[in-house]
Each structure stands twice: as structure tokens, then as C-alpha cells.
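Since the structure comes first, as C-alpha cells, the remarks are kept for the end.
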Amino acid sequence: MTPEAGTAVVERLGTFQLAGEADGLALVFSQPLSFWGGIDAETGEIIDHSHPGLGQSVTGRILVMPSGRGSSSSSSVLAEAIRRGTAPAGILLERPDPILAVGAIVAEFLYDIHMPLVVCDISGIVSSDRIAIGADEDGGAMIRVRAKS
Amino acid sequence: MTLELTARDRSMLDGGQGPSAAAAMKILVAFSNAIGARGLLDISGAHIDGCLYHGKAGLDFVERLVEGGGRVQVPTTLNVGSFDLIHPGMVKMPAAEEVPARRLMKAHLELGCQATFTCAPYQTRFRPDFGQQIAWGESNAIVFTNSVIGARTNRYGDFIDLCCAMTGRAPAWGLHLSENRRGRILFDLDIAEAEPSDSLFVGVGLIIGQASGDRIPVISGLPKPRDEDQLKALGAAAATTGAVALFHAIGITPEARTLDEAFQGHLPEETIRIARADIDQALARLSGVPDGASLAAVSLGTPHFSHEEWMRLLPMLREAAPGRGIPIYVNTGRATLTRLREEGALAGMEAFGLIPVADTCTYVTAILKRLDGVVMTNSGKWAHYAPGNIGVTVAFAEMKDCIRSAAVGHVVRGVS
């Protein structure tokens, strides 16, 4: 049985840095993005001139990148973006990132908005794949990737 | 891997010490889980980098802790804010931003933090001792306290430094633990200078920051520094071009009496040689203009100028006697400024264009009157960040050259 191209759902497991559910289109970068100096929290737009995503919006997307980068002020920028509703719906990382974790944890505490932060294998995910983040029975992260059609 | 909490931690989490301590512990626990720490440890001090206004979320967080009646549990210093509270009117800001930014600084004081407003808390009476466990924010302060003093902190910042202060606890991970403080990468300096210049230390910092990644750098062959300010400059530069939180310098820093001690008996994963030409190249990248360019201002004191640095600067000012034409901004801690005023050291110095700045820094807020010209600095960190932060063109030089340039109105370097 060969499923039609673009409809196959591939599941992969990951670890939650911060648990939650999210659904959205992937925005994938091979280069880490610093939220401080990299994202405008008012608009959700990427403003780092040295980053390939310059001008794109992270709002409502599942941001996929190898790791976080740079200053601890990124925690504040992420928390502020979550407050304003300009943040990604969720973030997938290859390596854990304490700075993004702090921003997401504090935003959840202050505003009760859950933005899941997951560490998992990100290979093969491309921008505009549809991604659903949820929990498996053991509390681990379950990521469902539906390739873009 | 699960986090083990003590009975006291759990009681705090359950509200036994009030809602603010409970909130801080809740976030600390979530953070500890996110990074995979197995427990928490006691800290004896904290330094909070939370007074620069990045948006409402930062203020909401502190206000929540104030409303809960919370107080910091350990002696806690504050990093720079957006205002010079000692010199009102120096910082220009639209009212809509000024109100919350001022409130942010005040709200931290209501939590019991000390009004130090300095990026160099190691110059204050709150300087920690060797081996002390602390939770510090601010990259230059972190690398200084770990490397030069041998106190122990991770790279904290934004929210989590304050959660540590409010609970007196920090996750037991990373640089709090001896085994994680060992060197990984060796930088072998091939430089013979009996009286090393300040810029040599900046150059070494820039290079190790760039090349170390997340590995702890060890420097061999570093000339003996004149004072700890040269190591301050090295660390600040390394934490600017990279994420260095700890470096060892053989025979100089306290956890590196020998190569073997710095690497804790292991071998370096990589060895990189640094020659004079590498340093010159790294320093050249800090300057956007050639000699002779017309000067708008000089900015010194990033990180904050120590009392010793003032004692070197003031005779230079008297000797070169620059007029008032080129402002010479010097960022410094309010405690250092108070001491200088008490000593009468600054009397008459404004005639040379000297403008002391306290509580903040010239590259994080609107202080410089002219942004259209070249600003000269002896700080690798300022030279790196100021063009992006406030849009100026920078010329990097030794302090002496900065002052001589101010006297003639254009960039001159390397004069003896």
C-alpha cells in the first residue's frame, strides 16, 4: 500500500522541555535564530539581517531549528512575543536550550499560554510540512509530521 | 532523570513561604526539569540582569513577585537599567517607554535587591569569594566571577536569575559542579611582551570567544596582567564574540595553577596557537574607520570603569587636556562614582569634556548627543555592540589614544 504523496503522516518521539499541544506549518532553519535581535516581538517578523529567514513571520508556525543562540535576553523577547500572540505555536529543537525554555515557562506562568518546546530529531522536516505536537502515554512528546502536498 | 527536591524546596513550592517564593520555585523547578538537573543547591548571592526594559512581560513578572510580597533570600545586586538615576535628564526617552522602564528598576528594589545598577558587581562590597555558589546574570560579570574569582555560576539571566534570588536556590548543574569546570580547548599564546597593552587582552578575548563554542577555553602563555581590569576586558570580549562563561589562564586564574589542574588531568580536545598577527587582525575588525576620521565622542567603561581605571584615566586627561568639544563618556558604578566624589578626584574634570555615566551604559540607552560621527572606545564589547544597538561608527584603541584623539578631534592611534 503506497499512500499518496503528501498525505503520509510520520510520527516521531521527542522530549518536552516544556509540555503542551500545538498544530501548525513548519518553518525550518538549518541556522539557529536568536530571539533577541532576531525577532520583532511586536510583529513576529525575523529582523536578523544575517539570518536566511529575514522578513518571514514566525507567528503561529512550528519553528524548527538545531538550537537556540545568543543572549539570555532572548527569554524576555520570547515571553513578550507569546504575550502578544506573535510567537511560534511551538518550537522543535535538536538540542535543548535553557534560554528559550525560560521564556516559554515564564509566559505560561504569567499568561497561561502554552507554547510547547520539544527536543527531537528534526531531520527530514521541511518548511510548510504540517506538524502536530502532543503527548504520548508516558508524557513524552509525540510529533506528527504530514508532508506538504 | 527526575528532579529531587528537599522538604524545604517542596514546602516553598507549596506556598509555605508565601506566593512569590512559591511562584519563583515553580519556575525554577520547571526550568530544572527542562535542563535535566537532578537537584537544587544553596546559593549565597545573586546578580540580576532584569532592569533593562524589553517589553511588558519582563515588568509583569517582577510586578507579580512584588504583589505576592516577596523578598530576595540572598544578597542580590542589580545590573544596569535604562536610566542614570544619579544624573537625571541624561537619558532621553519617550514618556510611553520611560514610565514602565523606570518602574522596572524600582520594582526590583521593592523585592529587596541592592541599588547597585552596575554590570561589574565584582567591584562592589558584594564581590563573592572563591568557591562560592552564586546565580549571576550579565555575560561579563559571569565570566569574571567564574574565571578571575573562582566563584561558581552558570550563564543565568532573564527571570531565572531572579527566581534563584527569591528562593536562595539554583539548579545543581553545569558550572556549579567541579567536574564541569575543566578546560576543553587550549589556546597557546606565542607573544613576548613584558608590559602587555590593554588591547592585547581584548584581542585574546575576541579570539577565544569566537573559537571556543561551548568548550571551556584554557590560555597558556598569557602575559601576567597589570591588574584585574585587563582580565575583565578579556572576559568581556570573549563573552561578546562567543558564549564563554569561564576561562582559565595558566598561572594567573585560581583554578589553573598548572595545565594539568586546568584540564583536570585530561588532554585538550584541540589546541590553537595565537600569534601577534592574529590579535592585530581581531582588533582591526573592531574599527570601522581609518586613522584621521573626525571624532564625535569617546566612550569608556564597558564593563563599568573600576576605581583603578579612573586613577589611570585622570592623569591622562590632565596631560592631554582635551577641550569640551568632544564629550568623553565614562560608564561606571554608582559606588565607584561616590568614592571618587568623596575623594574630590573629579573636581574640574568636566573642563576636559568628561561626562561620568552611572547606573546604565552608553550603548543600551539614549545618552550620546551625536550619533552621526565616529565614537572611539577602548572596549571590545562596546565596539562590537554599539554599531547595531545605537547606530554609531566605532574606532577601537588604547585608552591613551582615545584621550589624545579627543584632544585633536580626530582618530589617532599608536602614538607613543
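Starting from 1 in every chain, residues are counted up; chains themselves are A, B, ... following the order of the C-alpha cells, and ligands are numbered from 1 as listed.
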
Contact set, chain A to chain B: 12 Å, only C-alpha atoms, as a PyMOL selection string: chain A and resi 15-19+35-38+40-42+48-49+69-84+95-111+116-119

Let's have the selection written as a compact mmCIF listing (two decimals), in the first residue's frame, with N, CA and C atoms.
# COMPACT_ATOMS: atom_id res chain seq x y z
N THR A 15 11.41 14.76 23.47
CA THR A 15 11.36 15.08 24.89
C THR A 15 10.85 16.51 25.05
N PHE A 16 9.91 16.68 25.97
CA PHE A 16 9.42 18.03 26.23
C PHE A 16 10.40 18.80 27.10
N GLN A 17 10.80 20.00 26.66
CA GLN A 17 11.43 20.94 27.61
C GLN A 17 10.31 21.67 28.33
N LEU A 18 9.22 21.90 27.58
CA LEU A 18 8.00 22.41 28.20
C LEU A 18 6.83 21.77 27.47
N ALA A 19 5.95 21.09 28.22
CA ALA A 19 4.90 20.30 27.60
C ALA A 19 3.77 21.18 27.06
N PHE A 35 16.35 35.03 19.43
CA PHE A 35 15.14 35.85 19.51
C PHE A 35 15.50 37.30 19.79
N TRP A 36 16.49 37.52 20.70
CA TRP A 36 16.92 38.90 20.96
C TRP A 36 17.72 39.38 19.75
N GLY A 37 17.28 40.48 19.17
CA GLY A 37 17.96 40.99 17.98
C GLY A 37 17.61 40.23 16.72
N GLY A 38 16.79 39.18 16.86
CA GLY A 38 16.46 38.35 15.70
C GLY A 38 14.99 38.38 15.34
N ASP A 40 11.20 40.56 15.96
CA ASP A 40 10.47 41.71 16.47
C ASP A 40 9.23 41.17 17.19
N ALA A 41 9.20 41.33 18.53
CA ALA A 41 8.10 40.75 19.32
C ALA A 41 6.76 41.41 18.99
N GLU A 42 6.79 42.62 18.44
CA GLU A 42 5.52 43.27 18.09
C GLU A 42 4.86 42.64 16.88
N ASP A 48 16.78 39.68 11.89
CA ASP A 48 18.23 39.48 11.88
C ASP A 48 18.73 39.46 10.43
N HIS A 49 19.50 40.49 10.08
CA HIS A 49 19.93 40.63 8.69
C HIS A 49 20.89 39.55 8.25
N ARG A 69 20.26 30.36 20.22
CA ARG A 69 21.54 31.03 20.06
C ARG A 69 21.52 32.35 20.82
N GLY A 70 22.67 32.71 21.35
CA GLY A 70 22.88 34.09 21.78
C GLY A 70 22.39 34.45 23.18
N SER A 71 22.16 35.75 23.34
CA SER A 71 21.95 36.39 24.63
C SER A 71 20.77 35.82 25.41
N SER A 72 20.90 35.88 26.76
CA SER A 72 19.81 35.43 27.61
C SER A 72 18.61 36.37 27.51
N SER A 73 18.78 37.55 26.90
CA SER A 73 17.63 38.43 26.69
C SER A 73 16.61 37.81 25.74
N SER A 74 16.99 36.76 25.06
CA SER A 74 16.04 36.04 24.20
C SER A 74 14.86 35.49 25.00
N SER A 75 15.08 35.19 26.28
CA SER A 75 13.97 34.70 27.11
C SER A 75 12.87 35.76 27.17
N SER A 76 13.27 37.00 27.42
CA SER A 76 12.30 38.10 27.51
C SER A 76 11.57 38.31 26.20
N VAL A 77 12.32 38.26 25.11
CA VAL A 77 11.71 38.51 23.80
C VAL A 77 10.70 37.40 23.48
N LEU A 78 11.05 36.15 23.77
CA LEU A 78 10.10 35.06 23.53
C LEU A 78 8.86 35.21 24.41
N ALA A 79 9.05 35.51 25.70
CA ALA A 79 7.91 35.69 26.59
C ALA A 79 7.01 36.82 26.11
N GLU A 80 7.63 37.90 25.67
CA GLU A 80 6.87 39.05 25.17
C GLU A 80 6.11 38.69 23.89
N ALA A 81 6.73 37.93 23.01
CA ALA A 81 6.07 37.51 21.77
C ALA A 81 4.89 36.58 22.09
N ILE A 82 5.06 35.71 23.07
CA ILE A 82 3.95 34.81 23.46
C ILE A 82 2.80 35.65 24.01
N ARG A 83 3.12 36.65 24.84
CA ARG A 83 2.10 37.53 25.40
C ARG A 83 1.31 38.25 24.31
N ARG A 84 2.03 38.72 23.30
CA ARG A 84 1.40 39.49 22.23
C ARG A 84 0.73 38.62 21.17
N ARG A 95 18.77 20.28 19.99
CA ARG A 95 19.48 20.32 21.28
C ARG A 95 18.70 21.20 22.24
N PRO A 96 18.64 20.81 23.53
CA PRO A 96 17.87 21.61 24.49
C PRO A 96 18.43 23.03 24.61
N ASP A 97 17.58 23.97 24.89
CA ASP A 97 18.02 25.36 25.02
C ASP A 97 17.42 25.99 26.27
N PRO A 98 18.29 26.26 27.28
CA PRO A 98 17.77 26.81 28.53
C PRO A 98 17.12 28.18 28.38
N ILE A 99 17.62 28.98 27.44
CA ILE A 99 17.13 30.36 27.33
C ILE A 99 15.71 30.40 26.77
N LEU A 100 15.44 29.62 25.72
CA LEU A 100 14.08 29.56 25.19
C LEU A 100 13.15 28.90 26.20
N ALA A 101 13.66 27.90 26.92
CA ALA A 101 12.84 27.24 27.94
C ALA A 101 12.35 28.24 28.98
N VAL A 102 13.24 29.11 29.44
CA VAL A 102 12.85 30.10 30.45
C VAL A 102 11.73 31.01 29.91
N GLY A 103 11.89 31.50 28.68
CA GLY A 103 10.88 32.38 28.10
C GLY A 103 9.52 31.71 28.03
N ALA A 104 9.51 30.45 27.60
CA ALA A 104 8.24 29.73 27.46
C ALA A 104 7.63 29.42 28.83
N ILE A 105 8.47 29.05 29.79
CA ILE A 105 7.99 28.72 31.14
C ILE A 105 7.37 29.96 31.79
N VAL A 106 8.03 31.10 31.68
CA VAL A 106 7.54 32.32 32.32
C VAL A 106 6.24 32.80 31.65
N ALA A 107 6.17 32.70 30.33
CA ALA A 107 4.94 33.12 29.64
C ALA A 107 3.77 32.24 30.06
N GLU A 108 4.03 30.96 30.24
CA GLU A 108 2.97 30.05 30.69
C GLU A 108 2.52 30.43 32.10
N PHE A 109 3.49 30.74 32.95
CA PHE A 109 3.18 31.13 34.32
C PHE A 109 2.36 32.43 34.37
N LEU A 110 2.78 33.42 33.58
CA LEU A 110 2.13 34.74 33.66
C LEU A 110 0.80 34.78 32.93
N TYR A 111 0.73 34.16 31.76
CA TYR A 111 -0.42 34.38 30.87
C TYR A 111 -1.22 33.10 30.58
N PRO A 116 4.56 24.70 23.46
CA PRO A 116 5.43 23.55 23.70
C PRO A 116 6.82 23.74 23.10
N LEU A 117 7.80 23.24 23.84
CA LEU A 117 9.20 23.29 23.41
C LEU A 117 9.71 21.85 23.47
N VAL A 118 10.11 21.33 22.30
CA VAL A 118 10.40 19.91 22.18
C VAL A 118 11.81 19.69 21.65
N VAL A 119 12.52 18.73 22.23
CA VAL A 119 13.81 18.31 21.67
C VAL A 119 13.58 16.99 20.95

Those of stretch 10-145 of chain A in DSSP alpha helix (DSSP H), formatted as JSON, numbers by chain: {"A": [74, 75, 76, 77, 78, 79, 80, 81, 82, 83, 84, 98, 99, 100, 101, 102, 103, 104, 105, 106, 107, 108, 109, 110, 111]}

Please produce a file of the residues just selected, as a short mmCIF file (atom, residue, chain, number, x, y, z; two decimals), in the first residue's frame, where the atoms kept are N, CA and C atoms.
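Output (part_19.cif):
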data_model
loop_
_atom_site.label_atom_id
_atom_site.label_comp_id
_atom_site.auth_asym_id
_atom_site.auth_seq_id
_atom_site.Cartn_x
_atom_site.Cartn_y
_atom_site.Cartn_z
N SER A 74 16.99 36.76 25.06
CA SER A 74 16.04 36.04 24.20
C SER A 74 14.86 35.49 25.00
N SER A 75 15.08 35.19 26.28
CA SER A 75 13.97 34.70 27.11
C SER A 75 12.87 35.76 27.17
N SER A 76 13.27 37.00 27.42
CA SER A 76 12.30 38.10 27.51
C SER A 76 11.57 38.31 26.20
N VAL A 77 12.32 38.26 25.11
CA VAL A 77 11.71 38.51 23.80
C VAL A 77 10.70 37.40 23.48
N LEU A 78 11.05 36.15 23.77
CA LEU A 78 10.10 35.06 23.53
C LEU A 78 8.86 35.21 24.41
N ALA A 79 9.05 35.51 25.70
CA ALA A 79 7.91 35.69 26.59
C ALA A 79 7.01 36.82 26.11
N GLU A 80 7.63 37.90 25.67
CA GLU A 80 6.87 39.05 25.17
C GLU A 80 6.11 38.69 23.89
N ALA A 81 6.73 37.93 23.01
CA ALA A 81 6.07 37.51 21.77
C ALA A 81 4.89 36.58 22.09
N ILE A 82 5.06 35.71 23.07
CA ILE A 82 3.95 34.81 23.46
C ILE A 82 2.80 35.65 24.01
N ARG A 83 3.12 36.65 24.84
CA ARG A 83 2.10 37.53 25.40
C ARG A 83 1.31 38.25 24.31
N ARG A 84 2.03 38.72 23.30
CA ARG A 84 1.40 39.49 22.23
C ARG A 84 0.73 38.62 21.17
N PRO A 98 18.29 26.26 27.28
CA PRO A 98 17.77 26.81 28.53
C PRO A 98 17.12 28.18 28.38
N ILE A 99 17.62 28.98 27.44
CA ILE A 99 17.13 30.36 27.33
C ILE A 99 15.71 30.40 26.77
N LEU A 100 15.44 29.62 25.72
CA LEU A 100 14.08 29.56 25.19
C LEU A 100 13.15 28.90 26.20
N ALA A 101 13.66 27.90 26.92
CA ALA A 101 12.84 27.24 27.94
C ALA A 101 12.35 28.24 28.98
N VAL A 102 13.24 29.11 29.44
CA VAL A 102 12.85 30.10 30.45
C VAL A 102 11.73 31.01 29.91
N GLY A 103 11.89 31.50 28.68
CA GLY A 103 10.88 32.38 28.10
C GLY A 103 9.52 31.71 28.03
N ALA A 104 9.51 30.45 27.60
CA ALA A 104 8.24 29.73 27.46
C ALA A 104 7.63 29.42 28.83
N ILE A 105 8.47 29.05 29.79
CA ILE A 105 7.99 28.72 31.14
C ILE A 105 7.37 29.96 31.79
N VAL A 106 8.03 31.10 31.68
CA VAL A 106 7.54 32.32 32.32
C VAL A 106 6.24 32.80 31.65
N ALA A 107 6.17 32.70 30.33
CA ALA A 107 4.94 33.12 29.64
C ALA A 107 3.77 32.24 30.06
N GLU A 108 4.03 30.96 30.24
CA GLU A 108 2.97 30.05 30.69
C GLU A 108 2.52 30.43 32.10
N PHE A 109 3.49 30.74 32.95
CA PHE A 109 3.18 31.13 34.32
C PHE A 109 2.36 32.43 34.37
N LEU A 110 2.78 33.42 33.58
CA LEU A 110 2.13 34.74 33.66
C LEU A 110 0.80 34.78 32.93
N TYR A 111 0.73 34.16 31.76
CA TYR A 111 -0.42 34.38 30.87
C TYR A 111 -1.22 33.10 30.58
#

Excluding B:Ala366 and any residue of its chain fewer than 3 positions from it, enumerate the residues within 8 Å of it, using only C-alpha atoms, and give them as a PyMOL selection string. chain B and resi 91-93+362-363+390

Non-local contacts of B:Asp190 (10 Å; only C-alpha atoms; under 6 positions in same chain excluded) as a CSV table (one decimal) with C-alpha atoms, in the first residue's frame:
chain,number,residue,atom,x,y,z
B,220,SER,CA,48.7,29.3,28.1
B,221,GLY,CA,51.4,31.9,27.6
B,222,LEU,CA,49.2,34.9,28.6
B,223,PRO,CA,51.5,37.6,29.9
B,273,ARG,CA,48.1,28.8,18.5
B,274,ILE,CA,47.7,32.6,18.7
B,275,ALA,CA,50.3,34.9,17.2
B,276,ARG,CA,50.6,38.7,17.4

Just the residues within 8 Å of stretch 5-20 of chain B, please, counting only C-alpha atoms, with nothing from its chain fewer than 3 positions along; format it as number ranges by chain. B: 23-26, 39-40, 64-70, 166

Quick one: write out the picked residues with N, CA and C atoms as a compact mmCIF listing (two decimals), in the first residue's frame?
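The resulting file, part23.txt, is reproduced below:
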# COMPACT_ATOMS: atom_id res chain seq x y z
N ALA B 23 5.95 30.98 43.50
CA ALA B 23 6.00 31.21 42.05
C ALA B 23 7.41 31.05 41.53
N ALA B 24 8.38 31.63 42.26
CA ALA B 24 9.78 31.53 41.83
C ALA B 24 10.24 30.08 41.85
N MET B 25 9.82 29.33 42.87
CA MET B 25 10.21 27.92 42.96
C MET B 25 9.56 27.10 41.85
N LYS B 26 8.33 27.44 41.52
CA LYS B 26 7.62 26.72 40.45
C LYS B 26 8.38 26.87 39.12
N GLY B 39 18.82 18.12 41.04
CA GLY B 39 18.50 18.70 42.33
C GLY B 39 18.83 20.18 42.33
N LEU B 40 18.61 20.81 43.47
CA LEU B 40 18.93 22.23 43.61
C LEU B 40 20.03 22.37 44.65
N ARG B 64 4.37 40.74 39.54
CA ARG B 64 3.71 39.60 40.16
C ARG B 64 4.42 39.21 41.46
N LEU B 65 5.74 39.25 41.42
CA LEU B 65 6.51 38.90 42.63
C LEU B 65 6.36 39.97 43.71
N VAL B 66 6.28 41.25 43.29
CA VAL B 66 6.08 42.34 44.25
C VAL B 66 4.70 42.20 44.92
N GLU B 67 3.68 41.94 44.10
CA GLU B 67 2.31 41.79 44.64
C GLU B 67 2.22 40.67 45.66
N GLY B 68 3.00 39.61 45.44
CA GLY B 68 2.98 38.47 46.36
C GLY B 68 3.77 38.73 47.64
N GLY B 69 4.31 39.96 47.76
CA GLY B 69 5.02 40.31 48.99
C GLY B 69 6.38 39.65 49.12
N GLY B 70 6.97 39.26 48.00
CA GLY B 70 8.22 38.52 48.07
C GLY B 70 9.44 39.39 48.31
N MET B 166 15.06 34.74 44.70
CA MET B 166 13.84 34.69 45.52
C MET B 166 13.73 33.40 46.32

For A:Gly60, please output as a tab-separated table (two decimals) with N, CA and C atoms, in the first residue's frame all residues within 9 Å (counting only C-alpha atoms; exclusion window: fewer than 3 positions along the same chain).
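Final output, result02.tsv:
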chain	number	residue	atom	x	y	z
A	23	ASP	N	-0.27	22.89	16.83
A	23	ASP	CA	-0.51	22.43	15.47
A	23	ASP	C	-0.18	23.60	14.55
A	24	GLY	N	0.59	23.35	13.52
A	24	GLY	CA	0.89	24.46	12.61
A	24	GLY	C	1.81	24.02	11.49
A	25	LEU	N	2.11	24.97	10.61
A	25	LEU	CA	3.01	24.68	9.50
A	25	LEU	C	4.45	24.90	9.94
A	57	SER	N	7.64	35.60	8.92
A	57	SER	CA	6.99	35.67	10.23
A	57	SER	C	6.99	34.31	10.91
A	63	LEU	N	8.29	26.40	14.75
A	63	LEU	CA	9.66	26.79	14.42
A	63	LEU	C	10.58	25.59	14.65
A	85	GLY	N	0.94	37.30	21.25
A	85	GLY	CA	0.36	36.42	20.24
A	85	GLY	C	1.12	36.42	18.93
A	86	THR	N	2.38	36.87	18.96
A	86	THR	CA	3.18	36.86	17.74
A	86	THR	C	4.19	35.73	17.71
A	87	ALA	N	4.19	34.89	18.74
A	87	ALA	CA	5.20	33.83	18.88
A	87	ALA	C	4.87	32.65	17.97
A	88	PRO	N	5.83	31.74	17.79
A	88	PRO	CA	5.50	30.47	17.13
A	88	PRO	C	4.47	29.71	17.96
A	89	ALA	N	3.74	28.77	17.32
A	89	ALA	CA	2.80	27.92	18.07
A	89	ALA	C	3.56	26.89	18.90
A	90	GLY	N	4.73	26.51	18.41
A	90	GLY	CA	5.57	25.57	19.13
A	90	GLY	C	6.97	25.60	18.53

Could you pull out the residues in stretch 154-309 of chain B that DSSP calls strand (DSSP E or B) from the backbone, as a PyMOL selection string? chain B and resi 169-171+185-190+217-220+248-249+270-275+294-305

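Using only C-alpha atoms, the nearest neighbour of A:Arg12 within the list A:Asp129, A:Asp121, A:Asp112, A:Glu137 is A:Asp121.
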
Interatomic distance (Å, one decimal) between atom CA of A:Gln56 and atom CA of A:Ser128: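 Those two atoms sit 12.8 Å apart.
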
Sorted per-residue table, stretch 323-414 of chain B near stretch 71-83 of chain B, closest atoms and distance, 6 Å, only C-alpha atoms, as a tab-separated table:
residue	atom	partner	partner_atom	distance
B:Asp359	CA	B:Val80	CA	5.2
B:Thr360	CA	B:Val80	CA	4.6
B:Thr365	CA	B:Ser82	CA	5.8

Output for the residues just chosen: C-alpha atoms as a short mmCIF file (atom, residue, chain, number, x, y, z; two decimals), in the first residue's frame:
data_model
loop_
_atom_site.label_atom_id
_atom_site.label_comp_id
_atom_site.auth_asym_id
_atom_site.auth_seq_id
_atom_site.Cartn_x
_atom_site.Cartn_y
_atom_site.Cartn_z
CA ASP B 359 23.58 53.08 36.57
CA THR B 360 23.46 52.42 32.82
CA THR B 365 20.07 53.69 26.04
#

Shell of 12 Å around B:Val244, only C-alpha atoms, local chain residues under 2 positions omitted, as an MDAnalysis selection string: (chainID A and resid 70:71) or (chainID B and resid 138:144 146:147 154:155 175 181 183 185 205:218 234:242 246:248)

Residues as selected, C-alpha atoms, written as a compact mmCIF listing (two decimals), in the first residue's frame, can you do that?
# COMPACT_ATOMS: atom_id res chain seq x y z
CA GLY A 70 22.88 34.09 21.78
CA SER A 71 21.95 36.39 24.63
CA GLU B 138 25.20 39.62 32.70
CA SER B 139 27.77 37.93 30.48
CA ASN B 140 30.87 39.90 31.54
CA ALA B 141 30.06 39.52 35.24
CA ILE B 142 29.54 35.78 34.81
CA VAL B 143 32.84 35.17 33.05
CA PHE B 144 34.73 37.42 35.53
CA ASN B 146 33.87 32.25 37.40
CA SER B 147 37.32 32.83 35.91
CA ASN B 154 26.06 29.35 35.13
CA ARG B 155 25.01 31.83 32.49
CA LEU B 175 29.48 25.24 36.22
CA ARG B 181 34.68 23.39 35.11
CA GLY B 183 39.17 23.09 30.32
CA ILE B 185 40.33 23.65 24.38
CA GLY B 205 39.26 37.56 24.41
CA LEU B 206 37.82 38.14 20.95
CA ILE B 207 39.71 35.14 19.56
CA ILE B 208 38.88 32.64 22.30
CA GLY B 209 35.22 33.73 22.24
CA GLN B 210 34.97 33.06 18.55
CA ALA B 211 36.76 29.71 18.55
CA SER B 212 35.61 28.04 21.77
CA GLY B 213 31.94 27.34 21.03
CA ASP B 214 30.57 25.69 24.17
CA ARG B 215 34.01 24.39 25.27
CA ILE B 216 35.81 25.95 28.23
CA PRO B 217 38.97 27.68 26.97
CA VAL B 218 42.38 27.47 28.64
CA LEU B 234 39.49 39.76 28.14
CA GLY B 235 36.43 38.07 29.60
CA ALA B 236 34.01 40.71 28.36
CA ALA B 237 35.37 40.34 24.82
CA ALA B 238 35.18 36.53 24.99
CA ALA B 239 31.57 36.71 26.19
CA THR B 240 30.82 39.09 23.31
CA THR B 241 32.12 37.11 20.35
CA GLY B 242 31.11 33.84 21.99
CA LEU B 246 34.58 30.55 32.24
CA PHE B 247 38.17 30.67 31.02
CA HIS B 248 41.35 29.50 32.66

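Atom CA of A:Ile39 is found 29.2 Å from atom CA of B:Ala37.
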